[in-house]
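**Student:** Sharing a structure, written as structure tokens. Questions coming.
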Amino acid sequence: MAKQSIEVIYEDNHIIVVNKPAGLLVQGDQTGDETLLDLVKEYIKVQYNKPGEVFLGVVHRIDRPVSGVVLFARTSKALKRLNQAFSDRHVRKTYWAVVTKRPPVENDRLCHWLRKDQEKNKSKAFEKEAKYTKYCELTYKTLAASDRFTLLEVNPKTGRHHQIRVQLAKIGCAIKGDLKYGAPRSNNDGGIHLHARKLQIEHPVTKKEMTFVARVPKESLWKTFESMVS
């Protein structure tokens, strides 16, 4: 099977930012499938003619069926600083989600408590704090709507397991293609219509504020919505 090519959004000596396609793991799991980490390491090795092992630090992950911005650290110093920034929530993430039903409120803040089921790799949202739950919060706003679908811009304030997927499903707005959380049918490519659109960080070395934007997948519904809001 031919290796996937990667779309680099930004790179320097300290970080590299790429646009992950839906269906690709960020880093390895029990499946042993090819990962974005492997592809980016190979890209650096070839691009910069690097012998031996390439250092590449995983700073954050997005779910396998999700597309969009993923940031890696190219040095241990950058990795340490970025890990701290993510831990302290000094990072702003913006997602685009295509949902199967228009939300009851155009723009809103959602607060739930999430319980993760490790065996099923699924989370459940509760209105009130319950045993083994963690607080989660996001804000969303409606960007556009078609006859059947609605495009939301989502800003998660916390980083819980499947947070956006489960919180939107909780208000009756399952993400298109997300069978796990109530969508009526899957997408042909096995992905879901959730895209990590934008990541805003302070550069770990230069301290400059940086914004990285990932193009939406080359798929008709994404392109239709992109043209409606651009």
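Labeling convention for the structure tokens: chains A, B, ... as they appear, residues from 1 per chain, ligands from 1 in order of appearance.
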Could you give me, as a list in words, the residues within 12 Å of Phe126 in chain A, counting only C-alpha atoms and dropping anything in the same chain fewer than 3 positions from it?
**Tutor:** Leu110, Cys111, His112, Trp113, Leu114, Arg115, Lys116, Ser123, Glu129, Ala130, Lys131, Tyr132, Thr133, Lys134, Tyr135, Cys136, Glu137, Gln163, Val166, Gln167, Ala169, Lys170 and Ile171 of chain A
**Student:** Can you tell me which residues surround range 220-227 of chain A at a distance of at most 9 Å, considering only C-alpha atoms, apart from same-chain residues fewer than 4 positions away, and format the answer as a PyMOL selection string?
**Tutor:** chain A and resi 98+143-146+150-151+193+216
**Student:** Please save C-alpha atoms of the selected residues as a short mmCIF file (atom, residue, chain, number, x, y, z; two decimals), in the first residue's frame.
**Tutor:**
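Writing the result to result-v6.cif gives the following:
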```
data_model
loop_
_atom_site.label_atom_id
_atom_site.label_comp_id
_atom_site.auth_asym_id
_atom_site.auth_seq_id
_atom_site.Cartn_x
_atom_site.Cartn_y
_atom_site.Cartn_z
CA VAL A 98 -21.32 19.38 10.44
CA LEU A 143 -22.09 29.35 10.87
CA ALA A 144 -24.34 28.04 8.09
CA ALA A 145 -27.15 25.62 7.32
CA SER A 146 -28.41 23.61 4.35
CA THR A 150 -25.78 22.59 9.92
CA LEU A 151 -22.19 23.84 10.21
CA HIS A 193 -17.58 15.58 9.69
CA VAL A 216 -11.30 21.39 4.97
#
```
**Student:** Which of these residues is nearest to Gln200 in chain A, using only C-alpha atoms: A:Leu152, A:Leu179, A:Ala214, A:Val105?
**Tutor:**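 The closest residue to Gln200 in chain A is A:Ala214.
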**Student:** Find the residues around range 31-44 of chain A up to 10 Å (only C-alpha atoms counted), leave out those fewer than 2 positions away in its own chain, and share them as a VMD selection string.
**Tutor:** chain A and resid 3 to 8 11 16 to 21 23 to 29 46 to 50 53 to 58 64 70 72 74
**Student:** Write out as a PyMOL selection string all residues of range 67-181 of chain A that DSSP puts in strand (DSSP E or B) for this structure's backbone.
**Tutor:** chain A and resi 67-73+92-99+107-117+122-126+134-145+150-156+175
**Student:** Keeping only C-alpha atoms, write the selected residues as a short mmCIF file (atom, residue, chain, number, x, y, z; two decimals), in the first residue's frame.
**Tutor:**
```
data_model
loop_
_atom_site.label_atom_id
_atom_site.label_comp_id
_atom_site.auth_asym_id
_atom_site.auth_seq_id
_atom_site.Cartn_x
_atom_site.Cartn_y
_atom_site.Cartn_z
CA SER A 67 -9.40 15.66 10.23
CA GLY A 68 -7.44 18.87 10.73
CA VAL A 69 -4.60 20.65 12.54
CA VAL A 70 -2.05 18.56 14.43
CA LEU A 71 1.08 20.08 15.97
CA PHE A 72 4.31 18.16 16.65
CA ALA A 73 7.47 19.25 18.47
CA ARG A 92 -7.11 28.00 21.62
CA LYS A 93 -8.65 25.26 19.49
CA THR A 94 -11.39 25.84 16.94
CA TYR A 95 -13.30 22.99 15.29
CA TRP A 96 -15.85 22.88 12.51
CA ALA A 97 -18.61 20.30 12.93
CA VAL A 98 -21.32 19.38 10.44
CA VAL A 99 -24.28 18.12 12.45
CA ASN A 107 -25.03 29.97 19.82
CA ASP A 108 -24.52 28.43 23.24
CA ARG A 109 -22.20 27.17 25.96
CA LEU A 110 -22.48 23.49 26.89
CA CYS A 111 -21.39 22.19 30.29
CA HIS A 112 -21.52 18.48 31.10
CA TRP A 113 -19.80 15.81 33.14
CA LEU A 114 -18.23 13.02 31.07
CA ARG A 115 -17.66 9.41 32.02
CA LYS A 116 -15.32 7.40 29.78
CA ASP A 117 -15.99 3.72 29.08
CA LYS A 122 -16.89 5.80 24.28
CA SER A 123 -17.92 8.58 26.66
CA LYS A 124 -21.27 9.46 28.17
CA ALA A 125 -22.38 12.98 29.09
CA PHE A 126 -24.34 13.78 32.25
CA LYS A 134 -14.98 14.84 34.67
CA TYR A 135 -16.29 18.33 33.95
CA CYS A 136 -16.23 19.47 30.33
CA GLU A 137 -17.21 22.68 28.59
CA LEU A 138 -17.42 24.07 25.08
CA THR A 139 -19.00 26.96 23.22
CA TYR A 140 -20.45 26.78 19.74
CA LYS A 141 -21.98 29.08 17.18
CA THR A 142 -23.95 28.33 14.03
CA LEU A 143 -22.09 29.35 10.87
CA ALA A 144 -24.34 28.04 8.09
CA ALA A 145 -27.15 25.62 7.32
CA THR A 150 -25.78 22.59 9.92
CA LEU A 151 -22.19 23.84 10.21
CA LEU A 152 -21.09 24.76 13.74
CA GLU A 153 -17.91 26.42 14.94
CA VAL A 154 -16.88 24.83 18.23
CA ASN A 155 -14.37 26.01 20.84
CA PRO A 156 -13.67 23.38 23.51
CA ILE A 175 -21.97 14.82 13.90
#
```
**Student:** What are the DSSP alpha helix (DSSP H) residues of range 39-214 of chain A, as a ChimeraX atom specification?
**Tutor:** /A:39-47,76-87,163-170
**Student:** Could you take the residues named above and write them with N, CA and C atoms, as a short mmCIF file (atom, residue, chain, number, x, y, z; two decimals), in the first residue's frame?
**Tutor:**
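Output saved as selection.cif:
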```cif
data_model
loop_
_atom_site.label_atom_id
_atom_site.label_comp_id
_atom_site.auth_asym_id
_atom_site.auth_seq_id
_atom_site.Cartn_x
_atom_site.Cartn_y
_atom_site.Cartn_z
N LEU A 39 4.46 9.13 9.30
CA LEU A 39 4.53 9.86 8.03
C LEU A 39 5.32 11.16 8.16
N VAL A 40 5.11 11.87 9.28
CA VAL A 40 5.81 13.15 9.47
C VAL A 40 7.30 12.90 9.73
N LYS A 41 7.61 11.86 10.48
CA LYS A 41 9.03 11.50 10.69
C LYS A 41 9.71 11.20 9.36
N GLU A 42 9.03 10.44 8.51
CA GLU A 42 9.57 10.09 7.20
C GLU A 42 9.76 11.34 6.34
N TYR A 43 8.78 12.25 6.41
CA TYR A 43 8.86 13.51 5.67
C TYR A 43 10.11 14.29 6.09
N ILE A 44 10.33 14.43 7.41
CA ILE A 44 11.48 15.20 7.92
C ILE A 44 12.79 14.53 7.50
N LYS A 45 12.81 13.20 7.60
CA LYS A 45 14.01 12.44 7.24
C LYS A 45 14.41 12.70 5.78
N VAL A 46 13.42 12.68 4.89
CA VAL A 46 13.68 12.87 3.47
C VAL A 46 13.95 14.35 3.15
N GLN A 47 13.09 15.23 3.69
CA GLN A 47 13.18 16.67 3.40
C GLN A 47 14.53 17.26 3.82
N SER A 76 13.15 18.39 22.06
CA SER A 76 12.66 18.06 23.40
C SER A 76 12.30 19.33 24.18
N LYS A 77 13.03 20.41 23.93
CA LYS A 77 12.73 21.69 24.61
C LYS A 77 11.36 22.20 24.18
N ALA A 78 11.09 22.17 22.87
CA ALA A 78 9.79 22.61 22.36
C ALA A 78 8.67 21.72 22.91
N LEU A 79 8.92 20.41 22.97
CA LEU A 79 7.92 19.48 23.47
C LEU A 79 7.55 19.79 24.92
N LYS A 80 8.54 20.02 25.74
CA LYS A 80 8.30 20.31 27.16
C LYS A 80 7.47 21.59 27.32
N ARG A 81 7.82 22.62 26.58
CA ARG A 81 7.10 23.91 26.69
C ARG A 81 5.67 23.81 26.14
N LEU A 82 5.52 23.09 25.05
CA LEU A 82 4.18 22.93 24.46
C LEU A 82 3.29 22.08 25.35
N ASN A 83 3.86 21.03 25.93
CA ASN A 83 3.08 20.20 26.87
C ASN A 83 2.56 21.05 28.02
N GLN A 84 3.40 21.96 28.49
CA GLN A 84 2.99 22.85 29.59
C GLN A 84 1.89 23.80 29.13
N ALA A 85 2.01 24.33 27.93
CA ALA A 85 1.00 25.25 27.40
C ALA A 85 -0.35 24.56 27.26
N PHE A 86 -0.35 23.31 26.78
CA PHE A 86 -1.60 22.56 26.65
C PHE A 86 -2.16 22.22 28.02
N SER A 87 -1.28 21.85 28.94
CA SER A 87 -1.71 21.53 30.30
C SER A 87 -2.35 22.74 30.98
N GLN A 163 -14.98 14.67 23.56
CA GLN A 163 -15.82 15.73 24.16
C GLN A 163 -16.81 16.37 23.20
N ILE A 164 -16.32 16.87 22.06
CA ILE A 164 -17.20 17.58 21.13
C ILE A 164 -18.27 16.63 20.59
N ARG A 165 -17.86 15.42 20.26
CA ARG A 165 -18.78 14.44 19.70
C ARG A 165 -19.91 14.11 20.67
N VAL A 166 -19.58 13.87 21.91
CA VAL A 166 -20.59 13.46 22.89
C VAL A 166 -21.44 14.63 23.36
N GLN A 167 -20.83 15.82 23.52
CA GLN A 167 -21.61 16.97 23.97
C GLN A 167 -22.62 17.42 22.93
N LEU A 168 -22.22 17.43 21.65
CA LEU A 168 -23.17 17.80 20.60
C LEU A 168 -24.27 16.75 20.47
N ALA A 169 -23.91 15.48 20.59
CA ALA A 169 -24.92 14.41 20.54
C ALA A 169 -25.91 14.55 21.69
N LYS A 170 -25.42 15.00 22.83
CA LYS A 170 -26.28 15.15 24.01
C LYS A 170 -27.42 16.15 23.76
#
```
